[in-house]
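Have a look at run.txt below; it lists compact mmCIF, C-alpha atoms and all ligand atoms.
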# COMPACT_ATOMS: atom_id res chain seq x y z
CA MET A 1 0.00 0.00 0.00
CA ARG A 2 1.42 3.38 -1.06
CA TYR A 3 0.51 6.84 0.17
CA GLN A 4 1.42 9.49 -2.35
CA LEU A 5 1.17 13.29 -2.03
CA GLY A 6 0.67 15.68 -4.96
CA SER A 7 3.62 17.74 -6.26
CA ASP A 8 1.98 20.83 -4.73
CA GLN A 9 2.42 19.21 -1.31
CA ILE A 10 6.22 19.39 -1.14
CA PRO A 11 6.98 21.20 2.14
CA GLN A 12 7.49 24.95 1.67
CA ALA A 13 9.77 25.29 4.71
CA TRP A 14 12.40 23.17 6.46
CA PHE A 15 11.92 22.31 10.14
CA ASN A 16 14.74 23.54 12.37
CA VAL A 17 14.90 21.43 15.53
CA ALA A 18 17.33 23.83 17.29
CA PRO A 19 14.71 25.56 19.46
CA HIS A 20 13.32 22.14 20.52
CA LEU A 21 16.58 20.53 21.70
CA PRO A 22 17.20 19.52 25.34
CA GLU A 23 19.76 22.34 25.59
CA PRO A 24 21.24 24.88 23.17
CA LEU A 25 23.86 23.35 20.89
CA ALA A 26 27.46 23.96 21.97
CA PRO A 27 29.32 26.11 19.41
CA PRO A 28 31.90 24.56 17.07
CA LEU A 29 35.46 25.52 18.04
CA HIS A 30 38.21 26.83 15.78
CA PRO A 31 40.76 24.02 15.08
CA GLY A 32 43.68 26.39 15.75
CA THR A 33 42.58 28.78 18.50
CA GLY A 34 39.99 26.60 20.26
CA GLU A 35 37.64 29.64 20.32
CA PRO A 36 34.02 29.42 19.08
CA VAL A 37 33.94 29.86 15.30
CA GLY A 38 32.11 32.78 13.71
CA PRO A 39 30.63 33.11 10.22
CA ASP A 40 33.91 34.53 8.82
CA ASP A 41 35.84 31.43 9.89
CA LEU A 42 33.49 29.25 7.84
CA ALA A 43 33.33 31.56 4.79
CA PRO A 44 36.23 29.86 2.89
CA LEU A 45 34.18 26.64 2.93
CA PHE A 46 30.47 27.52 2.75
CA PRO A 47 28.19 30.22 1.30
CA MET A 48 26.79 32.72 3.82
CA ALA A 49 23.22 31.46 3.33
CA LEU A 50 24.23 28.01 4.63
CA ILE A 51 26.32 29.46 7.47
CA GLY A 52 23.20 31.40 8.50
CA GLN A 53 21.13 28.21 8.47
CA GLU A 54 23.83 26.39 10.44
CA MET A 55 23.47 28.89 13.27
CA SER A 56 19.77 29.71 12.98
CA ALA A 57 17.35 29.45 15.89
CA GLU A 58 14.25 30.01 13.69
CA GLU A 59 11.85 27.08 13.84
CA TRP A 60 10.92 27.23 10.14
CA ILE A 61 13.20 28.21 7.24
CA PRO A 62 11.53 28.80 3.86
CA ILE A 63 12.69 26.60 0.96
CA PRO A 64 13.53 28.75 -2.10
CA PRO A 65 11.06 28.14 -4.98
CA GLU A 66 14.02 27.34 -7.30
CA VAL A 67 14.97 24.49 -4.94
CA ILE A 68 11.39 23.19 -4.70
CA GLU A 69 11.26 23.15 -8.50
CA VAL A 70 14.25 20.77 -8.64
CA LEU A 71 13.07 18.67 -5.68
CA SER A 72 9.80 18.15 -7.57
CA LEU A 73 11.73 15.91 -10.03
CA TRP A 74 11.19 13.14 -7.42
CA ARG A 75 9.41 14.62 -4.39
CA PRO A 76 7.13 14.04 -2.58
CA THR A 77 8.43 10.50 -2.16
CA PRO A 78 5.98 7.65 -1.46
CA LEU A 79 5.18 6.33 1.98
CA VAL A 80 4.75 2.57 1.68
CA ARG A 81 3.16 0.16 4.12
CA ALA A 82 5.26 -3.02 4.21
CA THR A 83 2.28 -5.38 4.52
CA ARG A 84 4.07 -8.37 2.99
CA LEU A 85 6.95 -8.04 5.45
CA GLU A 86 4.43 -7.68 8.30
CA LYS A 87 2.72 -10.87 7.19
CA ALA A 88 5.99 -12.80 6.89
CA LEU A 89 6.92 -11.74 10.40
CA GLY A 90 3.43 -12.49 11.76
CA THR A 91 3.53 -9.20 13.64
CA PRO A 92 0.60 -7.03 14.73
CA ALA A 93 2.88 -4.01 14.10
CA ARG A 94 2.14 -1.77 11.11
CA ILE A 95 5.38 -0.95 9.28
CA TYR A 96 5.66 2.13 7.06
CA TYR A 97 8.69 3.27 5.11
CA LYS A 98 9.46 6.54 3.45
CA ASP A 99 10.98 5.64 0.09
CA GLU A 100 13.91 8.00 -0.50
CA SER A 101 15.43 5.57 -3.01
CA VAL A 102 13.31 7.12 -5.80
CA SER A 103 15.61 10.17 -6.12
CA PRO A 104 17.87 10.39 -9.20
CA ALA A 105 20.92 9.37 -7.15
CA GLY A 106 18.95 6.60 -5.42
CA SER A 107 19.06 7.95 -1.87
CA HIS A 108 18.06 10.82 0.43
CA LYS A 109 21.29 12.71 -0.30
CA PRO A 110 19.97 14.96 -3.15
CA ASN A 111 17.54 16.56 -0.65
CA THR A 112 20.49 18.59 0.66
CA ALA A 113 22.84 18.50 -2.35
CA VAL A 114 20.32 20.54 -4.37
CA PRO A 115 19.90 23.43 -1.89
CA GLN A 116 23.62 23.41 -1.02
CA ILE A 117 24.66 23.82 -4.63
CA PHE A 118 21.85 26.33 -5.27
CA TYR A 119 23.16 28.62 -2.49
CA ASN A 120 26.78 28.21 -3.68
CA GLN A 121 25.86 29.17 -7.23
CA ALA A 122 23.86 32.16 -5.96
CA GLU A 123 27.03 33.41 -4.22
CA GLY A 124 29.22 33.04 -7.34
CA ILE A 125 31.05 29.78 -6.54
CA THR A 126 31.91 27.74 -9.68
CA ARG A 127 33.52 24.57 -8.26
CA ILE A 128 32.71 22.19 -5.38
CA ALA A 129 35.06 19.77 -3.60
CA THR A 130 33.48 17.01 -1.58
CA GLU A 131 33.97 13.54 -0.12
CA THR A 132 31.91 10.42 -0.57
CA GLY A 133 31.70 7.16 1.36
CA ALA A 134 29.38 4.70 -0.34
CA GLY A 135 29.22 6.99 -3.36
CA GLN A 136 25.69 8.17 -2.60
CA TRP A 137 26.71 11.67 -1.54
CA GLY A 138 29.17 12.09 -4.40
CA SER A 139 26.42 11.03 -6.83
CA ALA A 140 24.02 13.55 -5.32
CA VAL A 141 26.55 16.40 -5.55
CA SER A 142 27.56 15.45 -9.10
CA PHE A 143 23.87 15.51 -10.08
CA ALA A 144 23.22 18.87 -8.38
CA THR A 145 26.39 20.57 -9.68
CA GLN A 146 25.47 19.45 -13.20
CA LEU A 147 22.01 21.03 -12.86
CA TYR A 148 23.46 24.34 -11.65
CA GLY A 149 26.51 24.38 -13.97
CA LEU A 150 29.30 23.99 -11.36
CA GLU A 151 32.40 21.77 -11.56
CA CYS A 152 32.64 18.95 -9.04
CA GLN A 153 35.67 17.16 -7.53
CA VAL A 154 34.79 14.07 -5.47
CA TYR A 155 37.22 12.33 -3.09
CA MET A 156 35.82 8.80 -2.83
CA VAL A 157 36.86 6.58 0.11
CA ALA A 158 39.30 4.00 -1.34
CA ALA A 159 37.41 0.98 0.10
CA SER A 160 34.21 2.05 -1.72
CA TYR A 161 36.08 3.15 -4.87
CA ARG A 162 37.20 -0.48 -5.19
CA GLN A 163 33.87 -2.03 -4.13
CA LYS A 164 31.56 0.22 -6.17
CA PRO A 165 32.94 1.09 -9.62
CA TYR A 166 29.46 1.83 -10.97
CA ARG A 167 28.96 4.63 -8.44
CA ARG A 168 32.03 6.28 -9.97
CA VAL A 169 30.53 5.87 -13.44
CA MET A 170 27.29 7.44 -12.19
CA MET A 171 29.17 10.47 -10.83
CA GLU A 172 31.15 10.80 -14.06
CA THR A 173 27.93 10.58 -16.09
CA TRP A 174 26.73 13.67 -14.22
CA GLY A 175 30.07 15.38 -14.93
CA GLY A 176 31.81 14.79 -11.57
CA GLN A 177 35.57 14.17 -11.38
CA VAL A 178 36.22 11.26 -9.04
CA VAL A 179 39.46 10.22 -7.35
CA SER A 180 40.18 7.43 -4.86
CA SER A 181 40.93 8.82 -1.37
CA PRO A 182 43.60 9.05 -0.03
CA SER A 183 44.74 10.59 -3.33
CA SER A 184 47.81 12.25 -4.70
CA LEU A 185 45.84 15.45 -5.37
CA THR A 186 46.31 16.78 -1.82
CA GLU A 187 49.21 17.09 0.56
CA PHE A 188 47.38 15.09 3.24
CA GLY A 189 46.53 12.31 0.77
CA ARG A 190 50.14 12.08 -0.44
CA GLN A 191 51.33 11.81 3.16
CA LEU A 192 48.95 8.91 3.90
CA LEU A 193 49.78 7.09 0.67
CA LYS A 194 53.47 7.32 1.49
CA GLU A 195 52.81 5.64 4.87
CA ASN A 196 50.49 3.02 3.36
CA PRO A 197 49.92 2.75 -0.41
CA ASP A 198 46.95 0.38 0.25
CA HIS A 199 45.16 2.71 2.70
CA THR A 200 41.41 1.84 2.63
CA GLY A 201 40.51 5.44 3.44
CA SER A 202 37.61 6.67 5.53
CA LEU A 203 35.08 9.48 5.43
CA GLY A 204 37.30 11.41 7.86
CA VAL A 205 40.29 11.17 5.49
CA ALA A 206 38.23 12.10 2.42
CA ILE A 207 36.81 15.13 4.27
CA SER A 208 40.36 16.30 5.05
CA GLU A 209 41.26 16.10 1.37
CA ALA A 210 38.12 17.92 0.18
CA VAL A 211 38.59 20.67 2.79
CA GLU A 212 42.26 21.09 1.81
CA ASP A 213 41.18 21.37 -1.84
CA ALA A 214 38.45 23.96 -1.10
CA VAL A 215 40.55 26.11 1.21
CA GLY A 216 43.28 26.30 -1.43
CA ARG A 217 41.09 27.75 -4.22
CA ALA A 218 38.98 30.92 -4.30
CA ASP A 219 36.54 29.50 -6.88
CA THR A 220 35.85 26.38 -4.76
CA HIS A 221 33.68 25.66 -1.76
CA TYR A 222 33.24 22.48 0.21
CA ALA A 223 29.96 20.55 0.58
CA LEU A 224 29.34 18.10 3.41
CA GLY A 225 26.71 15.39 3.03
CA SER A 226 25.89 14.88 6.68
CA VAL A 227 26.67 15.86 10.30
CA LEU A 228 26.12 19.64 10.07
CA ASN A 229 22.95 21.36 11.25
CA HIS A 230 22.04 22.73 7.81
CA VAL A 231 22.33 19.26 6.25
CA LEU A 232 19.91 17.73 8.76
CA LEU A 233 17.66 20.78 8.27
CA HIS A 234 17.39 20.13 4.51
CA GLN A 235 16.58 16.47 5.14
CA THR A 236 13.54 17.28 7.28
CA VAL A 237 11.39 17.22 4.14
CA ILE A 238 11.43 13.43 4.70
CA GLY A 239 9.78 13.50 8.13
CA LEU A 240 7.48 16.41 7.28
CA GLU A 241 6.03 14.56 4.29
CA ALA A 242 5.84 11.30 6.27
CA LYS A 243 3.77 12.95 9.01
CA ARG A 244 1.23 14.07 6.44
CA GLN A 245 1.19 10.68 4.70
CA LEU A 246 0.72 8.79 7.98
CA ALA A 247 -2.34 10.95 8.62
CA GLU A 248 -3.62 10.03 5.12
CA ALA A 249 -3.06 6.38 6.02
CA GLY A 250 -5.37 6.90 8.98
CA GLU A 251 -2.61 6.69 11.57
CA GLY A 252 -1.83 9.10 14.37
CA LEU A 253 1.75 9.48 15.44
CA PRO A 254 4.08 6.50 15.01
CA ASN A 255 5.21 4.67 18.16
CA VAL A 256 8.74 4.43 16.88
CA VAL A 257 10.78 6.19 14.18
CA ILE A 258 13.92 4.41 12.95
CA GLY A 259 16.81 5.45 10.74
CA SER A 260 20.32 4.24 10.01
CA CYS A 261 22.95 6.65 11.21
CA GLY A 262 26.31 7.47 9.63
CA GLY A 263 26.65 11.18 10.27
CA GLY A 264 22.96 11.50 11.08
CA SER A 265 21.34 13.18 8.07
CA ASN A 266 18.95 10.43 7.03
CA LEU A 267 17.98 9.75 10.63
CA GLY A 268 17.65 13.47 11.34
CA GLY A 269 15.51 13.86 8.23
CA ILE A 270 12.92 11.32 9.28
CA ALA A 271 13.16 11.81 13.07
CA LEU A 272 13.65 15.51 13.83
CA PRO A 273 10.11 16.59 12.88
CA PHE A 274 8.93 14.14 15.57
CA VAL A 275 11.12 15.58 18.37
CA PRO A 276 8.30 17.89 19.54
CA ASP A 277 6.06 14.77 19.76
CA ARG A 278 8.28 12.97 22.28
CA GLY A 279 5.77 13.85 24.99
CA GLU A 280 3.19 11.74 23.11
CA GLY A 281 5.43 8.70 23.48
CA VAL A 282 7.13 8.68 20.06
CA ARG A 283 10.45 6.80 20.34
CA LEU A 284 13.34 7.74 18.05
CA VAL A 285 15.97 5.09 17.24
CA ALA A 286 19.42 5.40 15.60
CA VAL A 287 20.94 2.28 14.03
CA GLU A 288 24.67 1.92 13.41
CA PRO A 289 27.19 -0.86 12.63
CA THR A 290 28.97 -2.58 15.54
CA SER A 291 32.21 -2.03 13.60
CA CYS A 292 31.77 1.76 13.79
CA PRO A 293 29.74 2.17 17.00
CA THR A 294 29.88 5.95 17.42
CA LEU A 295 26.67 6.48 19.38
CA THR A 296 26.71 3.20 21.32
CA LYS A 297 30.42 3.10 22.25
CA GLY A 298 31.90 6.53 21.45
CA THR A 299 32.60 9.28 23.96
CA TYR A 300 30.71 12.59 24.00
CA GLU A 301 33.35 15.27 23.58
CA TYR A 302 34.75 17.94 21.28
CA ASP A 303 36.52 16.37 18.30
CA PHE A 304 37.52 17.22 14.75
CA GLY A 305 35.20 16.25 11.90
CA ASP A 306 38.13 14.95 9.82
CA VAL A 307 41.29 12.93 10.30
CA ALA A 308 43.80 15.69 9.61
CA GLY A 309 42.26 18.05 12.18
CA MET A 310 41.43 20.82 9.68
CA THR A 311 37.71 21.21 10.43
CA PRO A 312 36.25 22.98 13.46
CA LYS A 313 35.87 20.79 16.55
CA MET A 314 32.28 19.78 17.33
CA LEU A 315 30.69 18.46 20.51
CA MET A 316 29.52 15.02 19.47
CA HIS A 317 29.79 11.29 20.01
CA THR A 318 33.12 10.21 18.55
CA LEU A 319 35.42 7.22 18.27
CA GLY A 320 38.38 9.59 17.85
CA HIS A 321 39.08 11.49 14.64
CA ASP A 322 41.90 9.09 13.68
CA PHE A 323 39.65 6.00 13.98
CA ILE A 324 39.63 4.10 10.65
CA PRO A 325 36.64 1.72 10.59
CA PRO A 326 36.93 -1.69 8.92
CA PRO A 327 35.82 -1.68 5.26
CA ILE A 328 32.25 -2.93 5.80
CA HIS A 329 29.81 -2.71 2.89
CA ALA A 330 27.76 0.10 4.46
CA GLY A 331 30.38 2.67 3.45
CA GLY A 332 28.07 5.54 4.39
CA LEU A 333 28.08 4.43 8.03
CA ARG A 334 31.87 4.45 8.34
CA TYR A 335 32.28 7.78 10.12
CA HIS A 336 34.08 8.34 13.43
CA GLY A 337 31.77 11.12 14.62
CA ASP A 338 28.13 12.07 14.50
CA SER A 339 25.90 15.06 14.06
CA PRO A 340 25.97 17.32 17.16
CA ILE A 341 22.14 17.40 17.02
CA ILE A 342 21.82 13.60 17.02
CA SER A 343 24.56 13.31 19.64
CA SER A 344 22.77 15.75 21.94
CA LEU A 345 19.47 13.86 21.58
CA VAL A 346 21.18 10.54 22.41
CA LYS A 347 23.17 12.06 25.26
CA HIS A 348 19.98 13.37 26.88
CA GLY A 349 18.08 10.12 26.39
CA TRP A 350 15.69 11.64 23.84
CA MET A 351 16.87 9.17 21.20
CA GLU A 352 17.95 5.52 21.52
CA ALA A 353 20.88 3.95 19.67
CA VAL A 354 21.48 0.31 18.69
CA ALA A 355 24.31 -1.38 16.77
CA TYR A 356 24.33 -4.51 14.57
CA PRO A 357 27.05 -6.59 12.86
CA GLN A 358 26.73 -6.73 9.07
CA GLY A 359 25.79 -10.44 8.84
CA THR A 360 22.47 -9.95 10.62
CA VAL A 361 21.96 -6.72 8.67
CA PHE A 362 22.19 -8.53 5.33
CA GLU A 363 19.87 -11.26 6.61
CA ALA A 364 17.28 -8.51 7.22
CA ALA A 365 18.00 -6.94 3.81
CA VAL A 366 17.35 -10.23 2.03
CA GLN A 367 14.16 -10.84 4.02
CA PHE A 368 12.97 -7.38 2.97
CA ALA A 369 13.88 -7.99 -0.69
CA ARG A 370 12.10 -11.37 -0.67
CA THR A 371 8.88 -9.91 0.75
CA GLN A 372 8.64 -6.29 -0.40
CA GLY A 373 10.69 -6.74 -3.57
CA SER A 374 13.03 -3.75 -3.29
CA ILE A 375 16.73 -4.38 -2.62
CA PRO A 376 17.95 -1.93 0.03
CA ALA A 377 21.33 -0.20 0.33
CA PRO A 378 23.48 -1.78 3.05
CA GLU A 379 23.09 1.43 5.12
CA THR A 380 19.30 1.21 4.82
CA ALA A 381 19.44 -2.47 5.77
CA HIS A 382 20.71 -1.46 9.22
CA ALA A 383 17.40 0.32 9.80
CA ILE A 384 15.50 -2.68 8.43
CA ARG A 385 17.26 -4.98 10.93
CA ALA A 386 16.05 -2.76 13.78
CA VAL A 387 12.55 -2.53 12.27
CA ILE A 388 12.27 -6.32 12.07
CA ASP A 389 13.44 -6.65 15.68
CA GLU A 390 10.87 -4.03 16.80
CA ALA A 391 8.15 -5.85 14.86
CA LEU A 392 9.13 -9.19 16.42
CA ALA A 393 9.10 -7.61 19.89
CA ALA A 394 5.58 -6.32 19.13
CA LYS A 395 4.59 -9.87 18.16
CA GLU A 396 5.94 -11.13 21.47
CA SER A 397 4.07 -8.51 23.49
CA GLY A 398 0.99 -8.47 21.23
CA GLU A 399 1.27 -4.68 20.77
CA GLU A 400 -0.19 -2.98 17.68
CA LYS A 401 2.77 -0.67 17.17
CA VAL A 402 3.18 1.74 14.27
CA ILE A 403 6.78 1.67 13.04
CA LEU A 404 8.08 4.31 10.63
CA PHE A 405 11.49 4.10 9.01
CA SER A 406 13.50 5.80 6.33
CA TYR A 407 14.23 3.63 3.31
CA SER A 408 17.24 5.83 2.67
CA GLY A 409 18.51 4.23 -0.53
CA HIS A 410 18.37 1.32 -2.95
CA GLY A 411 21.13 -1.27 -3.17
CA LEU A 412 21.23 -1.78 -6.91
CA LEU A 413 24.83 -0.58 -7.04
CA ASP A 414 25.73 -2.63 -3.95
CA LEU A 415 25.16 -6.05 -5.44
CA ALA A 416 28.77 -7.13 -4.81
CA ALA A 417 27.91 -6.96 -1.10
CA TYR A 418 24.85 -9.17 -1.66
CA ASP A 419 27.01 -11.54 -3.68
CA ASP A 420 29.39 -11.84 -0.71
CA TYR A 421 26.48 -12.44 1.69
CA LEU A 422 24.69 -14.96 -0.51
CA HIS A 423 27.90 -16.93 -1.16
CA ASP A 424 29.27 -16.97 2.40
CA ARG A 425 32.08 -14.53 1.79
CA LEU A 426 30.76 -11.73 3.99
CA ILE A 427 33.09 -10.90 6.85
CA ASP A 428 30.80 -10.49 9.85
CA GLY A 429 31.42 -8.11 12.68
C1 LIG B 1 21.55 5.00 1.60
C2 LIG B 1 22.20 5.65 2.76
N1 LIG B 1 21.58 5.62 3.96
C3 LIG B 1 22.14 6.18 5.05
C4 LIG B 1 23.38 6.79 4.98
C5 LIG B 1 23.97 7.31 6.23
O1 LIG B 1 24.38 8.63 6.20
P1 LIG B 1 23.67 9.71 7.05
O2 LIG B 1 23.74 9.27 8.48
O3 LIG B 1 24.32 10.98 6.80
O4 LIG B 1 22.30 9.74 6.53
C6 LIG B 1 24.06 6.87 3.76
C7 LIG B 1 25.36 7.54 3.63
O5 LIG B 1 25.99 7.56 2.62
C8 LIG B 1 23.45 6.27 2.63
O6 LIG B 1 24.05 6.31 1.45

Translate this structure into structure tokens?
Ligand SMILES: Cc1ncc(COP(=O)(O)O)c(C=O)c1O
Amino acid sequence: MRYQLGSDQIPQAWFNVAPHLPEPLAPPLHPGTGEPVGPDDLAPLFPMALIGQEMSAEEWIPIPPEVIEVLSLWRPTPLVRATRLEKALGTPARIYYKDESVSPAGSHKPNTAVPQIFYNQAEGITRIATETGAGQWGSAVSFATQLYGLECQVYMVAASYRQKPYRRVMMETWGGQVVSSPSSLTEFGRQLLKENPDHTGSLGVAISEAVEDAVGRADTHYALGSVLNHVLLHQTVIGLEAKRQLAEAGEGLPNVVIGSCGGGSNLGGIALPFVPDRGEGVRLVAVEPTSCPTLTKGTYEYDFGDVAGMTPKMLMHTLGHDFIPPPIHAGGLRYHGDSPIISSLVKHGWMEAVAYPQGTVFEAAVQFARTQGSIPAPETAHAIRAVIDEALAAKESGEEKVILFSYSGHGLLDLAAYDDYLHDRLIDG
């Protein structure tokens, strides 16, 4: 069962959770001085419009009509009730997923790539440097830069560059230039390659390279696909639409909202619009890999967003900025830190966090594919694992729970991972 909104029902404003948080967000600190950063410190990296959104305390921020026009290529996305999965599980729970895989890049990432590139173009920037893990973010930025006529340099984490050649082809089709990270294009990359020519890379390393690139050129800005407040802000279209669609489905509020969490943008997108509903008993759940257990095992402290220590320090859950996660298939979940917003919610007990090893995650992915048909991205499959466990718990207790989750991306360019799982080559853990 699908619940579809009309194209005139795309949200007209993003929801800013800042005024609803348990306490005001701690300011990012300058990597050199340790003092709180101001707009001028961020100006070499981001356009002023995004810096303003990063620091805004306004509850609603209007979406420019030019951005809505592009979003309407695939938004609103469908809300689907997973009745066949429910039946297979024998659960009384009702499971709904917001299908973000229908975007051109196949994930939620274009929801923020489009406005980010729009604001950069409006301020005269002609080139973007960025990182990508699984390749989803790089695809989204390549797509958006192509639409707005900017050049795009993508630093793609080496482990994913090897695992996912077709993601690179996708980025190149949209005009992006893609290099395996660590690369020889930056000083930091050259240093790492000298120490270890087979470095598998990480999001933290790729961010260092993209930041170094952007800082070194006046025509270039940096774009980050997760973690920052403005990125989560742009993703709230997911939860805002879902709220409306759940009402159309005859539901009230969901009992639980679930999303996989790398840097927190997909989870923030589906969950943040429900933060004001916590009082009504809505639970929010983050799902991460046990091999990169930032929220479940990390410490809550100021840390750099990248490996080289070039970005401002943020107060967040972190495994240490030099932590290099093992090369699991969910490349988008291999990040040492987390969004300060998500971290604050978890720290204050307003959001739960669970972690799963990839074997059980792929088992859930295959169960989903064999009931609902769609083949999820490995990142998305983390959420599906938690959804299935929630639904089984509801079966045990006989509760008629409503479960909402973000189907953050399809796995059609992740089939090598499925091949490993189906033929007993997947390294669990
Ligand atoms: C399909 C998909 N889901 C989830 C994520 C996790 O990232 P984030 O926590 O920023 O949403 C990614 C990251 O690349 C992704 O590609």

All residues 10 Å or closer to Pro78 in chain A, all atoms listed in the file, same chain fewer than 4 positions away omitted, as a PyMOL selection string: chain A and resi 1-5+74+97-102+241-242+245

Step by step: start from the point (43.7, 10.6, -2.0) in the file's coordinates, keep every protein, DNA or RNA residue that has an atom no farther than 10 Å from it, count only C-alpha atoms, and write the set as a list of chain:residue names.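 Residues with an atom close enough to that point: A:Tyr155, A:Met156, A:Val157, A:Ala158, A:Val179, A:Ser180, A:Ser181, A:Pro182, A:Ser183, A:Ser184, A:Leu185, A:Thr186, A:Glu187, A:Phe188, A:Gly189, A:Arg190, A:Gln191, A:Leu192, A:Leu193, A:His199, A:Gly201, A:Val205, A:Ala206, A:Ser208, A:Glu209, A:Ala210.
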
Within 7 Å of ligand LIG 1 (chain B), counting all atoms listed in the file, residues as a PyMOL selection string: chain A and resi 107-108+133-137+225-227+260-267+331-333+377+379-380+408-410

Nearest to Asn255 in chain A among A:Gly359, A:Gly279, A:Pro293, A:Gly216, with distances taken over all atoms listed in the file: which residue is it?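 Looking at the shortest contact to Asn255 in chain A, the residue is A:Gly279.
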
So, counting all atoms listed in the file, which residue among A:Thr311, A:Thr200, A:Asn16, A:Gln153 is closest to Pro327 in chain A?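 Among the listed residues, the smallest separation from Pro327 in chain A belongs to A:Thr200.
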
Write out as a ChimeraX atom specification each polymer residue whose atoms come within 10 Å of Gly429 in chain A, counting only C-alpha atoms; drop sequence neighbours fewer than 2 positions from it. /A:289-292,326,328,356-360,426-427

Could you dump the residues just selected with C-alpha atoms as a PDB file, in the coordinates of the input?
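Here's the written file part.pdb:
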ATOM      1  CA  PRO A 289      27.190  -0.860  12.630  1.00  0.00           C
ATOM      2  CA  THR A 290      28.970  -2.580  15.540  1.00  0.00           C
ATOM      3  CA  SER A 291      32.210  -2.030  13.600  1.00  0.00           C
ATOM      4  CA  CYS A 292      31.770   1.760  13.790  1.00  0.00           C
ATOM      5  CA  PRO A 326      36.930  -1.690   8.920  1.00  0.00           C
ATOM      6  CA  ILE A 328      32.250  -2.930   5.800  1.00  0.00           C
ATOM      7  CA  TYR A 356      24.330  -4.510  14.570  1.00  0.00           C
ATOM      8  CA  PRO A 357      27.050  -6.590  12.860  1.00  0.00           C
ATOM      9  CA  GLN A 358      26.730  -6.730   9.070  1.00  0.00           C
ATOM     10  CA  GLY A 359      25.790 -10.440   8.840  1.00  0.00           C
ATOM     11  CA  THR A 360      22.470  -9.950  10.620  1.00  0.00           C
ATOM     12  CA  LEU A 426      30.760 -11.730   3.990  1.00  0.00           C
ATOM     13  CA  ILE A 427      33.090 -10.900   6.850  1.00  0.00           C
TER      14      ILE A 427
END

5 Å per side around range 262-281 of chain A: axis-aligned box centre and edge lengths, as lines of an AutoDock Vina configuration file:
center_x = 14.9
center_y = 12.7
center_z = 16.0
size_x = 33.5
size_y = 20.4
size_z = 28.0

Range 122-131 of chain A surroundings by all atoms listed in the file, 10 Å radius, close-in-sequence under 4 positions cut, as a count of residues only: 52

Hey, what's within 12 Å of Ala57 in chain A if we count only C-alpha atoms and toss same-chain stuff fewer than 4 positions away? As an NGL selection string, please? :A and (15-21 or 24-25 or 52-53 or 61 or 229-230 or 233)

Just checking: using only C-alpha atoms, which residue out of A:Ala330, A:Ala391, A:Leu404, A:Met55 ends up closest to Leu253 in chain A?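 Using only C-alpha atoms, Leu253 in chain A sits closest to A:Leu404.
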
Hey, which of A:Tyr119, A:Arg162, A:Val114, A:Tyr96 ends up closest to Ala416 in chain A? Count only C-alpha atoms. A:Arg162

Would you pick out the contacts of Ile270 in chain A at 9 Å or less, using only C-alpha atoms, so that residues sharing its chain but fewer than 2 positions from it are not included, and give the list as an MDAnalysis selection string? chainID A and resid 98 235:240 242 257:259 265:268 272:274 404:406

Missing atoms in range 61-71 of chain A: fill them in up to N, CA and C atoms and send the result as a CSV table (one decimal), keeping the file's coordinate frame.
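Contents of part.csv, freshly written:
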chain,number,residue,atom,x,y,z
A,61,ILE,N,12.4,27.5,8.2
A,61,ILE,CA,13.2,28.2,7.2
A,61,ILE,C,12.6,27.9,5.8
A,62,PRO,N,12.2,29.0,5.2
A,62,PRO,CA,11.5,28.8,3.9
A,62,PRO,C,12.5,28.1,2.8
A,63,ILE,N,11.9,27.2,2.0
A,63,ILE,CA,12.7,26.6,1.0
A,63,ILE,C,12.5,27.5,-0.3
A,64,PRO,N,13.7,27.9,-0.9
A,64,PRO,CA,13.5,28.8,-2.1
A,64,PRO,C,12.7,28.0,-3.2
A,65,PRO,N,11.9,28.8,-3.9
A,65,PRO,CA,11.1,28.1,-5.0
A,65,PRO,C,11.9,27.4,-6.0
A,66,GLU,N,13.1,28.0,-6.3
A,66,GLU,CA,14.0,27.3,-7.3
A,66,GLU,C,14.5,26.0,-6.8
A,67,VAL,N,14.6,25.8,-5.5
A,67,VAL,CA,15.0,24.5,-4.9
A,67,VAL,C,13.8,23.5,-5.0
A,68,ILE,N,12.6,24.0,-4.7
A,68,ILE,CA,11.4,23.2,-4.7
A,68,ILE,C,11.2,22.7,-6.1
A,69,GLU,N,11.5,23.6,-7.1
A,69,GLU,CA,11.3,23.2,-8.5
A,69,GLU,C,12.1,21.9,-8.8
A,70,VAL,N,13.4,21.9,-8.4
A,70,VAL,CA,14.2,20.8,-8.6
A,70,VAL,C,13.8,19.6,-7.8
A,71,LEU,N,13.5,19.8,-6.5
A,71,LEU,CA,13.1,18.7,-5.7
A,71,LEU,C,11.9,18.0,-6.3
